[in-house]
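> File work.txt below, compact mmCIF, C-alpha atoms:
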# COMPACT_ATOMS: atom_id res chain seq x y z
CA MET A 1 -2.56 38.46 42.89
CA LEU A 2 -5.66 38.70 40.72
CA MET A 3 -3.67 40.34 37.93
CA GLN A 4 -1.02 37.60 38.11
CA LYS A 5 -3.72 34.90 37.78
CA SER A 6 -5.31 36.69 34.85
CA SER A 7 -1.94 37.01 33.09
CA GLU A 8 -1.27 33.27 33.64
CA GLY A 9 -4.72 32.50 32.18
CA ALA A 10 -4.01 34.64 29.13
CA GLU A 11 -0.67 32.91 28.63
CA LEU A 12 -2.36 29.52 28.94
CA SER A 13 -4.98 30.33 26.33
CA GLN A 14 -2.28 31.75 24.07
CA VAL A 15 -0.37 28.47 24.34
CA GLU A 16 -3.55 26.51 23.62
CA GLU A 17 -4.34 28.69 20.63
CA GLN A 18 -0.84 28.37 19.19
CA PHE A 19 -0.92 24.63 19.80
CA ARG A 20 -4.22 24.28 17.93
CA GLN A 21 -2.98 26.31 15.02
CA VAL A 22 0.35 24.53 14.68
CA LEU A 23 -1.21 21.08 15.09
CA LEU A 24 -3.85 21.73 12.42
CA GLU A 25 -1.13 22.88 10.03
CA ALA A 26 0.98 19.82 10.86
CA ILE A 27 -1.99 17.50 10.26
CA ASP A 28 -2.61 19.12 6.88
CA GLU A 29 1.05 18.78 5.92
CA GLY A 30 1.42 15.28 7.32
CA LEU A 31 -1.61 13.98 5.46
CA LEU A 32 -0.45 15.54 2.21
CA VAL A 33 1.93 12.58 1.86
CA LEU A 34 -1.20 10.65 0.83
CA GLY A 35 -2.01 13.18 -1.89
CA GLU A 36 -4.56 15.97 -1.96
CA ASN A 37 -7.55 13.81 -2.94
CA SER A 38 -6.81 11.14 -0.36
CA ARG A 39 -6.43 13.82 2.31
CA LYS A 40 -9.85 15.20 1.46
CA ALA A 41 -11.31 11.69 1.47
CA LEU A 42 -9.76 11.01 4.87
CA TYR A 43 -11.27 14.17 6.39
CA PHE A 44 -14.61 13.16 4.89
CA HIS A 45 -14.42 9.66 6.43
CA LEU A 46 -13.36 11.01 9.83
CA GLN A 47 -16.34 13.33 9.85
CA ASN A 48 -18.74 10.63 8.63
CA MET A 49 -17.52 7.74 10.75
CA PHE A 50 -16.41 9.54 13.89
CA SER A 51 -18.23 12.89 13.67
CA LEU A 52 -14.75 14.37 13.85
CA LYS A 53 -14.10 17.59 12.00
CA LYS A 54 -10.54 18.61 11.25
CA GLU A 55 -10.89 21.56 13.65
CA ASP A 56 -11.85 19.18 16.48
CA VAL A 57 -8.68 17.07 16.28
CA PRO A 58 -6.71 19.14 18.84
CA ASP A 59 -9.56 18.55 21.34
CA ARG A 60 -10.13 14.89 20.47
CA PRO A 61 -6.77 13.45 19.40
CA GLU A 62 -7.74 9.98 20.66
CA ALA A 63 -10.73 9.91 18.27
CA PHE A 64 -8.43 10.99 15.45
CA VAL A 65 -5.99 8.15 16.18
CA GLU A 66 -8.89 5.70 16.46
CA GLY A 67 -10.17 6.85 13.07
CA LEU A 68 -6.75 6.45 11.46
CA LYS A 69 -6.41 2.94 12.90
CA LYS A 70 -9.88 2.00 11.63
CA ILE A 71 -8.90 3.00 8.09
CA PHE A 72 -5.16 2.23 7.89
CA GLY A 73 -4.63 -0.48 10.50
CA ALA A 74 -0.95 -0.55 11.49
CA GLY A 75 -0.33 2.04 8.76
CA ALA A 76 -1.91 4.63 11.08
CA LYS A 77 1.38 4.72 12.96
CA ALA A 78 3.10 6.02 9.80
CA ILE A 79 0.59 8.84 9.45
CA GLU A 80 1.00 9.76 13.13
CA THR A 81 4.75 9.91 12.57
CA TRP A 82 4.48 12.24 9.55
CA ILE A 83 2.18 14.55 11.50
CA LEU A 84 4.41 14.59 14.58
CA LYS A 85 7.55 15.21 12.51
CA SER A 86 5.86 18.17 10.87
CA LEU A 87 4.57 19.44 14.23
CA TYR A 88 7.94 19.25 15.97
CA GLN A 89 9.68 20.82 12.99
CA LYS A 90 7.30 23.79 13.22
CA LEU A 91 8.19 24.15 16.88
CA GLY A 92 11.89 24.07 16.11
CA ALA A 93 12.30 20.76 17.92
CA LYS A 94 13.38 17.35 16.73
CA TYR A 95 10.88 14.48 16.72
CA GLU A 96 12.31 11.41 18.39
CA GLU A 97 10.37 8.21 18.76
CA LYS A 98 9.96 7.11 22.35
CA LYS A 99 9.09 3.62 23.45
CA ASN A 100 5.51 3.20 24.74
CA SER A 101 4.61 6.82 23.95
CA GLN A 102 1.24 7.45 22.32
CA PHE A 103 0.22 10.20 19.89
CA GLU A 104 -1.40 12.13 22.76
CA ASP A 105 1.84 11.99 24.79
CA TYR A 106 3.76 13.60 21.94
CA LEU A 107 1.06 16.29 21.69
CA ASN A 108 1.42 17.03 25.41
CA ASP A 109 5.18 17.31 24.96
CA ALA A 110 4.60 19.70 22.05
CA LYS A 111 2.41 21.85 24.31
CA GLU A 112 5.23 21.93 26.83
CA ILE A 113 7.64 23.09 24.14
CA ILE A 114 5.25 25.92 23.19
CA ARG A 115 4.86 26.87 26.86
CA ALA A 116 8.62 26.88 27.39
CA ASN A 117 9.13 28.98 24.27
CA ALA A 118 6.46 31.45 25.46
CA THR A 119 8.03 31.73 28.93
CA ARG A 120 11.47 32.26 27.40
CA LYS A 121 10.12 35.07 25.20
CA ALA A 122 8.34 36.68 28.16
CA MET B 1 -2.98 -2.50 -16.11
CA ALA B 2 -3.03 -0.60 -19.43
CA PHE B 3 -0.18 -2.84 -20.62
CA TRP B 4 -2.15 -5.92 -19.61
CA PHE B 5 -5.15 -4.55 -21.48
CA LEU B 6 -2.93 -4.21 -24.57
CA GLY B 7 -1.72 -7.78 -24.02
CA GLU B 8 -5.31 -9.03 -23.90
CA THR B 9 -6.13 -6.97 -27.00
CA GLY B 10 -3.18 -8.48 -28.87
CA TRP B 11 -4.30 -11.96 -27.83
CA ALA B 12 -7.88 -11.22 -28.95
CA ILE B 13 -6.65 -9.93 -32.33
CA TYR B 14 -4.70 -13.14 -32.96
CA THR B 15 -7.66 -15.31 -31.94
CA LEU B 16 -10.74 -13.41 -33.08
CA VAL B 17 -9.56 -11.20 -35.96
CA LEU B 18 -6.67 -13.01 -37.56
CA GLY B 19 -7.91 -16.46 -36.57
CA VAL B 20 -4.36 -17.84 -36.45
CA GLU B 21 -2.58 -20.00 -33.92
CA ILE B 22 -1.06 -17.64 -31.37
CA PRO B 23 2.73 -17.60 -31.48
CA TYR B 24 4.49 -17.92 -28.14
CA PRO B 25 6.06 -15.61 -27.15
CA SER B 26 4.09 -12.99 -29.08
CA ILE B 27 3.60 -9.22 -29.00
CA ALA B 28 0.92 -9.87 -26.35
CA ASP B 29 3.63 -11.29 -24.08
CA VAL B 30 5.73 -8.16 -24.57
CA PHE B 31 2.83 -6.06 -23.24
CA TRP B 32 2.00 -8.46 -20.41
CA LEU B 33 5.60 -8.67 -19.24
CA SER B 34 6.03 -4.87 -19.54
CA GLY B 35 2.95 -4.39 -17.35
CA TYR B 36 4.70 -5.93 -14.34
CA PHE B 37 7.16 -3.05 -13.97
CA PRO B 38 4.76 -0.10 -13.50
CA LEU B 39 2.54 -2.26 -11.30
CA PHE B 40 5.53 -3.26 -9.19
CA LEU B 41 6.67 0.37 -8.87
CA ALA B 42 3.18 1.52 -7.88
CA LEU B 43 2.90 -1.14 -5.18
CA TYR B 44 6.48 -0.55 -4.05
CA TRP B 45 6.07 3.21 -3.64
CA TYR B 46 2.81 2.75 -1.78
CA VAL B 47 4.23 0.16 0.59
CA LYS B 48 7.52 2.05 1.03
CA THR B 49 5.60 5.06 2.35
CA PHE B 50 4.06 2.99 5.13
CA GLY B 51 6.46 0.06 5.33
CA PHE B 52 8.57 1.42 8.19
CA VAL B 53 5.82 0.52 10.66
CA LEU B 54 6.47 -3.19 10.07
CA SER B 55 8.71 -4.91 12.58
CA ARG B 56 11.91 -6.59 11.44
CA ARG B 57 10.43 -9.93 12.54
CA THR B 58 7.36 -9.52 10.31
CA LEU B 59 9.57 -8.53 7.38
CA VAL B 60 11.79 -11.57 7.84
CA ILE B 61 8.82 -13.96 8.09
CA LEU B 62 7.09 -12.56 5.00
CA MET B 63 10.22 -12.42 2.86
CA THR B 64 11.17 -15.97 3.87
CA THR B 65 7.68 -17.12 2.85
CA VAL B 66 8.01 -15.45 -0.56
CA PHE B 67 11.49 -16.92 -1.03
CA VAL B 68 10.24 -20.43 -0.22
CA LEU B 69 7.32 -19.96 -2.63
CA SER B 70 9.72 -18.85 -5.38
CA VAL B 71 11.91 -21.90 -4.83
CA LEU B 72 8.84 -24.18 -4.92
CA VAL B 73 7.50 -22.59 -8.12
CA SER B 74 10.92 -22.87 -9.79
CA ALA B 75 11.20 -26.49 -8.65
CA VAL B 76 7.76 -27.33 -10.06
CA LEU B 77 8.55 -25.74 -13.43
CA ILE B 78 12.20 -26.51 -13.97
CA THR B 79 11.87 -30.16 -15.07
CA PRO B 80 9.00 -29.74 -17.56
CA ILE B 81 10.40 -26.51 -19.02
CA LEU B 82 13.98 -27.70 -19.38
CA GLY B 83 12.70 -31.09 -20.58
CA ALA B 84 10.65 -29.48 -23.34
CA GLU B 85 12.36 -28.75 -26.60
CA GLU B 86 11.92 -25.00 -26.47
CA ASP B 87 14.23 -22.18 -27.48
CA SER B 88 15.86 -20.12 -24.74
CA ILE B 89 13.51 -17.11 -25.13
CA THR B 90 10.43 -19.31 -24.71
CA MET B 91 11.96 -20.91 -21.64
CA LEU B 92 12.77 -17.49 -20.22
CA VAL B 93 9.17 -16.34 -20.72
CA ASP B 94 7.88 -19.58 -19.15
CA PHE B 95 9.81 -18.78 -15.97
CA ALA B 96 9.28 -15.02 -16.14
CA TYR B 97 5.52 -14.96 -15.64
CA PRO B 98 5.21 -16.90 -12.36
CA LEU B 99 8.40 -15.38 -10.96
CA LEU B 100 7.33 -11.82 -11.77
CA ASP B 101 3.97 -12.63 -10.14
CA LEU B 102 5.90 -13.58 -7.02
CA VAL B 103 7.89 -10.36 -7.16
CA LEU B 104 4.56 -8.48 -7.14
CA PHE B 105 3.36 -10.72 -4.32
CA SER B 106 6.48 -9.96 -2.26
CA VAL B 107 5.47 -6.29 -2.15
CA ALA B 108 1.72 -6.78 -1.99
CA VAL B 109 1.99 -9.08 1.02
CA LEU B 110 3.84 -6.31 2.89
CA GLY B 111 0.98 -3.95 2.06
CA LEU B 112 -1.44 -6.53 3.43
CA ALA B 113 0.57 -6.78 6.65
CA VAL B 114 0.49 -2.98 7.07
CA PHE B 115 -3.21 -2.44 6.37
CA LEU B 116 -4.76 -5.78 7.38
CA LYS B 117 -6.49 -4.48 10.51
CA GLY B 118 -7.88 -1.38 8.81
CA ASN B 119 -10.58 -0.87 6.21
CA LEU B 120 -7.89 -0.64 3.52
CA GLY B 121 -6.98 -4.23 4.41
CA LYS B 122 -9.90 -5.48 2.28
CA SER B 123 -8.41 -3.85 -0.75
CA TRP B 124 -4.95 -5.30 -0.08
CA LEU B 125 -6.45 -8.73 0.58
CA LEU B 126 -8.09 -8.59 -2.85
CA ILE B 127 -4.85 -7.41 -4.52
CA ASN B 128 -3.00 -10.33 -2.94
CA ALA B 129 -5.73 -12.76 -3.99
CA GLY B 130 -5.58 -11.38 -7.54
CA ILE B 131 -1.82 -11.83 -7.68
CA LEU B 132 -2.03 -15.36 -6.27
CA SER B 133 -4.69 -16.20 -8.83
CA ASN B 134 -2.22 -15.07 -11.51
CA VAL B 135 0.57 -17.10 -9.88
CA GLY B 136 -1.60 -20.24 -10.15
CA ALA B 137 -2.66 -19.41 -13.70
CA ASP B 138 0.89 -18.64 -14.87
CA ILE B 139 2.34 -21.80 -13.31
CA LEU B 140 -0.30 -23.87 -15.07
CA PHE B 141 0.16 -21.90 -18.31
CA SER B 142 3.95 -22.33 -18.29
CA TYR B 143 3.68 -26.00 -17.36
CA MET B 144 1.07 -26.77 -20.03
CA THR B 145 2.88 -24.76 -22.68
CA ALA B 146 6.01 -26.78 -22.00
CA GLN B 147 3.96 -29.98 -22.16
CA GLU B 148 2.23 -28.69 -25.31
CA THR B 149 -1.18 -29.35 -23.78
CA TYR B 150 -2.31 -25.73 -23.60
CA TYR B 151 -4.87 -24.43 -26.10
CA SER B 152 -6.59 -21.06 -26.45
CA GLY B 153 -9.75 -21.13 -24.33
CA HIS B 154 -8.33 -23.64 -21.82
CA PRO B 155 -10.18 -23.59 -18.46
CA LEU B 156 -7.00 -22.39 -16.72
CA GLU B 157 -7.72 -18.99 -18.32
CA LEU B 158 -10.53 -18.63 -15.78
CA LEU B 159 -7.83 -18.01 -13.18
CA PHE B 160 -6.58 -15.02 -15.19
CA HIS B 161 -10.16 -13.70 -15.37
CA PHE B 162 -10.60 -14.19 -11.62
CA GLY B 163 -7.35 -12.28 -11.20
CA TYR B 164 -8.70 -9.34 -13.20
CA LEU B 165 -11.98 -9.39 -11.26
CA LEU B 166 -10.11 -9.43 -7.95
CA PHE B 167 -7.97 -6.46 -9.05
CA LEU B 168 -11.11 -4.62 -10.11
CA LEU B 169 -12.72 -5.24 -6.72
CA ALA B 170 -9.50 -4.24 -4.96
CA PHE B 171 -9.32 -0.89 -6.76
CA TYR B 172 -13.01 -0.31 -6.10
CA ALA B 173 -12.60 -1.11 -2.39
CA HIS B 174 -9.59 1.21 -2.20
CA ALA B 175 -11.32 4.07 -4.01
CA LYS B 176 -14.24 3.71 -1.61
CA GLU B 177 -11.95 4.26 1.36
CA LEU B 178 -9.58 6.91 0.02
Do you think you could lay out the structure here as structure tokens?

Amino acid sequence: MLMQKSSEGAELSQVEEQFRQVLLEAIDEGLLVLGENSRKALYFHLQNMFSLKKEDVPDRPEAFVEGLKKIFGAGAKAIETWILKSLYQKLGAKYEEKKNSQFEDYLNDAKEIIRANATRKA
Amino acid sequence: MAFWFLGETGWAIYTLVLGVEIPYPSIADVFWLSGYFPLFLALYWYVKTFGFVLSRRTLVILMTTVFVLSVLVSAVLITPILGAEEDSITMLVDFAYPLLDLVLFSVAVLGLAVFLKGNLGKSWLLINAGILSNVGADILFSYMTAQETYYSGHPLELLFHFGYLLFLLAFYAHAKEL
């Protein structure tokens, strides 16, 4: 029983770790649409205005979205879309826009995909 | 902007160096008119990247507004320009400036709609103000040229200068954000 719980915990942290890694890569790729310099400037502003480092985005996605909205207004939605497309592509899934779904909802779905993939492999 | 700088330089050479009456259209007009294309492409590519977030309704409203403005500008200019005894190239240039300004405005206003609620909105507000300042200046310029009441140093040129200042502020505001 104890061993089963410990194995579930390990699987969970593996999923979390993979999610973090893939999301950070997707953010980097998604923001590259703006150009390298603008991407750097955006990370700088997020850190300055929201004390949000790139590495913290998987833990504080709502702050990330808030920061994007503060800078880009409605254009933030476009950046979210590029990031999510890149994220889903990395997971071998297709990004489809859903009505009333927020950035965080898509991230939760992505976690589910990683979990399902991990279970299938196991 | 480099083309517009060359246009201004050409104009300054006619006025300050050669000291002659500036022909219209002149080489300065070639540079000014050429400058619209790269500026349009730059704005278009920028807006196209983000434009898909705009709703169909917003697009229809904004494009209708620009269309109505274009019709109004043409209506204001058509009688004085066609009434003036100008050759066809001069008439074409008279119409080209304000209409090309409106083409720029049609894209810039979409950018404003996308970024209005964000910090980048300031920059797009200034770009739109700069373009509208040019629209006003070019309408007056075309009208007065047709009426033969325009002279070098006319107060309407202030609107062109305001336009440049607004563009400068817009680029500064944008560079500050990204």
> Which residue out of B:Gly118, B:Pro38, B:Pro25, B:Pro98 has the minimum interatomic distance to A:Leu68 when only C-alpha atoms are used?
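When distances to A:Leu68 are compared using only C-alpha atoms, the smallest one comes from B:Gly118.
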> Within 9 Å of chain A, which residues of chain B show up when using all atoms listed in the file, listed as a PyMOL selection string?
chain B and resi 49-54+113-121+177-178
> Skip stretch 157-162 of chain B itself and residues of its chain fewer than 3 positions away, then list as a compact mmCIF listing (two decimals) with C-alpha atoms, keeping the file's coordinate frame all residues within 6 Å of it, counting only C-alpha atoms.

# COMPACT_ATOMS: atom_id res chain seq x y z
CA SER B 133 -4.69 -16.20 -8.83
CA ASN B 134 -2.22 -15.07 -11.51
CA ALA B 137 -2.66 -19.41 -13.70
CA HIS B 154 -8.33 -23.64 -21.82
CA LEU B 165 -11.98 -9.39 -11.26
> So, counting all atoms listed in the file, which residue among B:Tyr24, B:Phe167, B:Phe3, B:Phe105 is closest to B:Thr65?
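Closest residue, counting all atoms listed in the file: B:Phe105.
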> By how many Å are atom CA of A:Phe64 and atom CA of A:Gln18 apart?
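Taking atom CA of A:Phe64 as the start and atom CA of A:Gln18 as the end point, the length is 19.3 Å.
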> Just to confirm, what's the straight-line distance from atom CA of B:Gly136 to atom CA of B:Ala84 in Å (one decimal)?
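Going from atom CA of B:Gly136 over to atom CA of B:Ala84 covers 20.2 Å.
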> Would you kindly return, as a ChimeraX atom specification, each protein, DNA or RNA residue with an atom no farther than 8 Å from any atom of stretch 61-64 of chain B, considering only C-alpha atoms and excluding same-chain residues fewer than 5 positions away?
/B:106,109-110
> Can you work out which one of B:Ser152, B:Gln147, B:Ser142, B:Thr90 has the shortest atom-to-atom distance to B:Glu21, counting only C-alpha atoms?
B:Ser152
> Which is closest to B:Ile78 among B:Leu33, B:Leu125, B:Ala146, B:Leu112, if we use all atoms listed in the file?
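Checking each of B:Leu33, B:Leu125, B:Ala146, B:Leu112 against B:Ile78, counting all atoms listed in the file, the winner is B:Ala146.
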> What would stretch 64-97 of chain B look like with N, CA and C atoms restored, written as a PDB file, keeping the file's coordinate frame?

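So the final result, stored in result_9.pdb, reads:
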ATOM      1  N   THR B  64      10.802 -14.545   3.907  1.00  0.00           N
ATOM      2  CA  THR B  64      11.170 -15.970   3.870  1.00  0.00           C
ATOM      3  C   THR B  64      10.073 -16.764   3.168  1.00  0.00           C
ATOM      4  N   THR B  65       8.804 -16.428   3.478  1.00  0.00           N
ATOM      5  CA  THR B  65       7.680 -17.120   2.850  1.00  0.00           C
ATOM      6  C   THR B  65       7.733 -16.953   1.330  1.00  0.00           C
ATOM      7  N   VAL B  66       7.965 -15.706   0.887  1.00  0.00           N
ATOM      8  CA  VAL B  66       8.010 -15.450  -0.560  1.00  0.00           C
ATOM      9  C   VAL B  66       9.183 -16.187  -1.202  1.00  0.00           C
ATOM     10  N   PHE B  67      10.318 -16.222  -0.498  1.00  0.00           N
ATOM     11  CA  PHE B  67      11.490 -16.920  -1.030  1.00  0.00           C
ATOM     12  C   PHE B  67      11.196 -18.412  -1.190  1.00  0.00           C
ATOM     13  N   VAL B  68      10.567 -18.996  -0.161  1.00  0.00           N
ATOM     14  CA  VAL B  68      10.240 -20.430  -0.220  1.00  0.00           C
ATOM     15  C   VAL B  68       9.273 -20.701  -1.367  1.00  0.00           C
ATOM     16  N   LEU B  69       8.277 -19.812  -1.523  1.00  0.00           N
ATOM     17  CA  LEU B  69       7.320 -19.960  -2.630  1.00  0.00           C
ATOM     18  C   LEU B  69       8.026 -19.911  -3.982  1.00  0.00           C
ATOM     19  N   SER B  70       8.986 -18.985  -4.106  1.00  0.00           N
ATOM     20  CA  SER B  70       9.720 -18.850  -5.380  1.00  0.00           C
ATOM     21  C   SER B  70      10.508 -20.110  -5.680  1.00  0.00           C
ATOM     22  N   VAL B  71      11.136 -20.661  -4.643  1.00  0.00           N
ATOM     23  CA  VAL B  71      11.910 -21.900  -4.830  1.00  0.00           C
ATOM     24  C   VAL B  71      10.977 -23.034  -5.254  1.00  0.00           C
ATOM     25  N   LEU B  72       9.798 -23.116  -4.602  1.00  0.00           N
ATOM     26  CA  LEU B  72       8.840 -24.180  -4.920  1.00  0.00           C
ATOM     27  C   LEU B  72       8.342 -24.051  -6.364  1.00  0.00           C
ATOM     28  N   VAL B  73       8.012 -22.806  -6.759  1.00  0.00           N
ATOM     29  CA  VAL B  73       7.500 -22.590  -8.120  1.00  0.00           C
ATOM     30  C   VAL B  73       8.578 -22.979  -9.140  1.00  0.00           C
ATOM     31  N   SER B  74       9.818 -22.533  -8.866  1.00  0.00           N
ATOM     32  CA  SER B  74      10.920 -22.870  -9.790  1.00  0.00           C
ATOM     33  C   SER B  74      11.102 -24.385  -9.864  1.00  0.00           C
ATOM     34  N   ALA B  75      11.007 -25.042  -8.695  1.00  0.00           N
ATOM     35  CA  ALA B  75      11.200 -26.490  -8.650  1.00  0.00           C
ATOM     36  C   ALA B  75      10.108 -27.220  -9.449  1.00  0.00           C
ATOM     37  N   VAL B  76       8.877 -26.703  -9.335  1.00  0.00           N
ATOM     38  CA  VAL B  76       7.760 -27.330 -10.060  1.00  0.00           C
ATOM     39  C   VAL B  76       7.960 -27.187 -11.564  1.00  0.00           C
ATOM     40  N   LEU B  77       8.485 -26.027 -11.988  1.00  0.00           N
ATOM     41  CA  LEU B  77       8.550 -25.740 -13.430  1.00  0.00           C
ATOM     42  C   LEU B  77       9.836 -26.197 -14.103  1.00  0.00           C
ATOM     43  N   ILE B  78      10.891 -26.338 -13.327  1.00  0.00           N
ATOM     44  CA  ILE B  78      12.200 -26.510 -13.970  1.00  0.00           C
ATOM     45  C   ILE B  78      12.285 -27.792 -14.825  1.00  0.00           C
ATOM     46  N   THR B  79      11.762 -28.909 -14.315  1.00  0.00           N
ATOM     47  CA  THR B  79      11.870 -30.160 -15.070  1.00  0.00           C
ATOM     48  C   THR B  79      11.051 -30.108 -16.370  1.00  0.00           C
ATOM     49  N   PRO B  80       9.751 -29.760 -16.290  1.00  0.00           N
ATOM     50  CA  PRO B  80       9.000 -29.740 -17.560  1.00  0.00           C
ATOM     51  C   PRO B  80       9.508 -28.714 -18.567  1.00  0.00           C
ATOM     52  N   ILE B  81       9.960 -27.546 -18.072  1.00  0.00           N
ATOM     53  CA  ILE B  81      10.400 -26.510 -19.020  1.00  0.00           C
ATOM     54  C   ILE B  81      11.743 -26.893 -19.660  1.00  0.00           C
ATOM     55  N   LEU B  82      12.675 -27.330 -18.814  1.00  0.00           N
ATOM     56  CA  LEU B  82      13.980 -27.700 -19.380  1.00  0.00           C
ATOM     57  C   LEU B  82      13.867 -28.992 -20.208  1.00  0.00           C
ATOM     58  N   GLY B  83      12.900 -29.829 -19.843  1.00  0.00           N
ATOM     59  CA  GLY B  83      12.700 -31.090 -20.580  1.00  0.00           C
ATOM     60  C   GLY B  83      12.058 -30.863 -21.940  1.00  0.00           C
ATOM     61  N   ALA B  84      11.322 -29.767 -22.067  1.00  0.00           N
ATOM     62  CA  ALA B  84      10.650 -29.480 -23.340  1.00  0.00           C
ATOM     63  C   ALA B  84      11.678 -28.963 -24.342  1.00  0.00           C
ATOM     64  N   GLU B  85      11.404 -29.221 -25.590  1.00  0.00           N
ATOM     65  CA  GLU B  85      12.360 -28.750 -26.600  1.00  0.00           C
ATOM     66  C   GLU B  85      11.968 -27.335 -27.037  1.00  0.00           C
ATOM     67  N   GLU B  86      12.271 -26.392 -26.189  1.00  0.00           N
ATOM     68  CA  GLU B  86      11.920 -25.000 -26.470  1.00  0.00           C
ATOM     69  C   GLU B  86      13.185 -24.179 -26.632  1.00  0.00           C
ATOM     70  N   ASP B  87      13.057 -23.060 -27.370  1.00  0.00           N
ATOM     71  CA  ASP B  87      14.230 -22.180 -27.480  1.00  0.00           C
ATOM     72  C   ASP B  87      14.384 -21.399 -26.180  1.00  0.00           C
ATOM     73  N   SER B  88      15.540 -20.748 -26.036  1.00  0.00           N
ATOM     74  CA  SER B  88      15.860 -20.120 -24.740  1.00  0.00           C
ATOM     75  C   SER B  88      14.907 -18.966 -24.397  1.00  0.00           C
ATOM     76  N   ILE B  89      14.431 -18.226 -25.411  1.00  0.00           N
ATOM     77  CA  ILE B  89      13.510 -17.110 -25.130  1.00  0.00           C
ATOM     78  C   ILE B  89      12.183 -17.646 -24.588  1.00  0.00           C
ATOM     79  N   THR B  90      11.688 -18.707 -25.176  1.00  0.00           N
ATOM     80  CA  THR B  90      10.430 -19.310 -24.710  1.00  0.00           C
ATOM     81  C   THR B  90      10.585 -19.805 -23.271  1.00  0.00           C
ATOM     82  N   MET B  91      11.723 -20.419 -23.005  1.00  0.00           N
ATOM     83  CA  MET B  91      11.960 -20.910 -21.640  1.00  0.00           C
ATOM     84  C   MET B  91      12.002 -19.752 -20.639  1.00  0.00           C
ATOM     85  N   LEU B  92      12.649 -18.678 -21.074  1.00  0.00           N
ATOM     86  CA  LEU B  92      12.770 -17.490 -20.220  1.00  0.00           C
ATOM     87  C   LEU B  92      11.375 -16.930 -19.895  1.00  0.00           C
ATOM     88  N   VAL B  93      10.524 -16.878 -20.917  1.00  0.00           N
ATOM     89  CA  VAL B  93       9.170 -16.340 -20.720  1.00  0.00           C
ATOM     90  C   VAL B  93       8.363 -17.282 -19.820  1.00  0.00           C
ATOM     91  N   ASP B  94       8.567 -18.586 -20.005  1.00  0.00           N
ATOM     92  CA  ASP B  94       7.880 -19.580 -19.150  1.00  0.00           C
ATOM     93  C   ASP B  94       8.157 -19.323 -17.674  1.00  0.00           C
ATOM     94  N   PHE B  95       9.435 -19.027 -17.370  1.00  0.00           N
ATOM     95  CA  PHE B  95       9.810 -18.780 -15.970  1.00  0.00           C
ATOM     96  C   PHE B  95       9.413 -17.364 -15.532  1.00  0.00           C
ATOM     97  N   ALA B  96       9.471 -16.431 -16.505  1.00  0.00           N
ATOM     98  CA  ALA B  96       9.280 -15.020 -16.140  1.00  0.00           C
ATOM     99  C   ALA B  96       7.908 -14.752 -15.523  1.00  0.00           C
ATOM    100  N   TYR B  97       6.869 -15.285 -16.138  1.00  0.00           N
ATOM    101  CA  TYR B  97       5.520 -14.960 -15.640  1.00  0.00           C
ATOM    102  C   TYR B  97       5.314 -15.303 -14.162  1.00  0.00           C
TER     103      TYR B  97
END
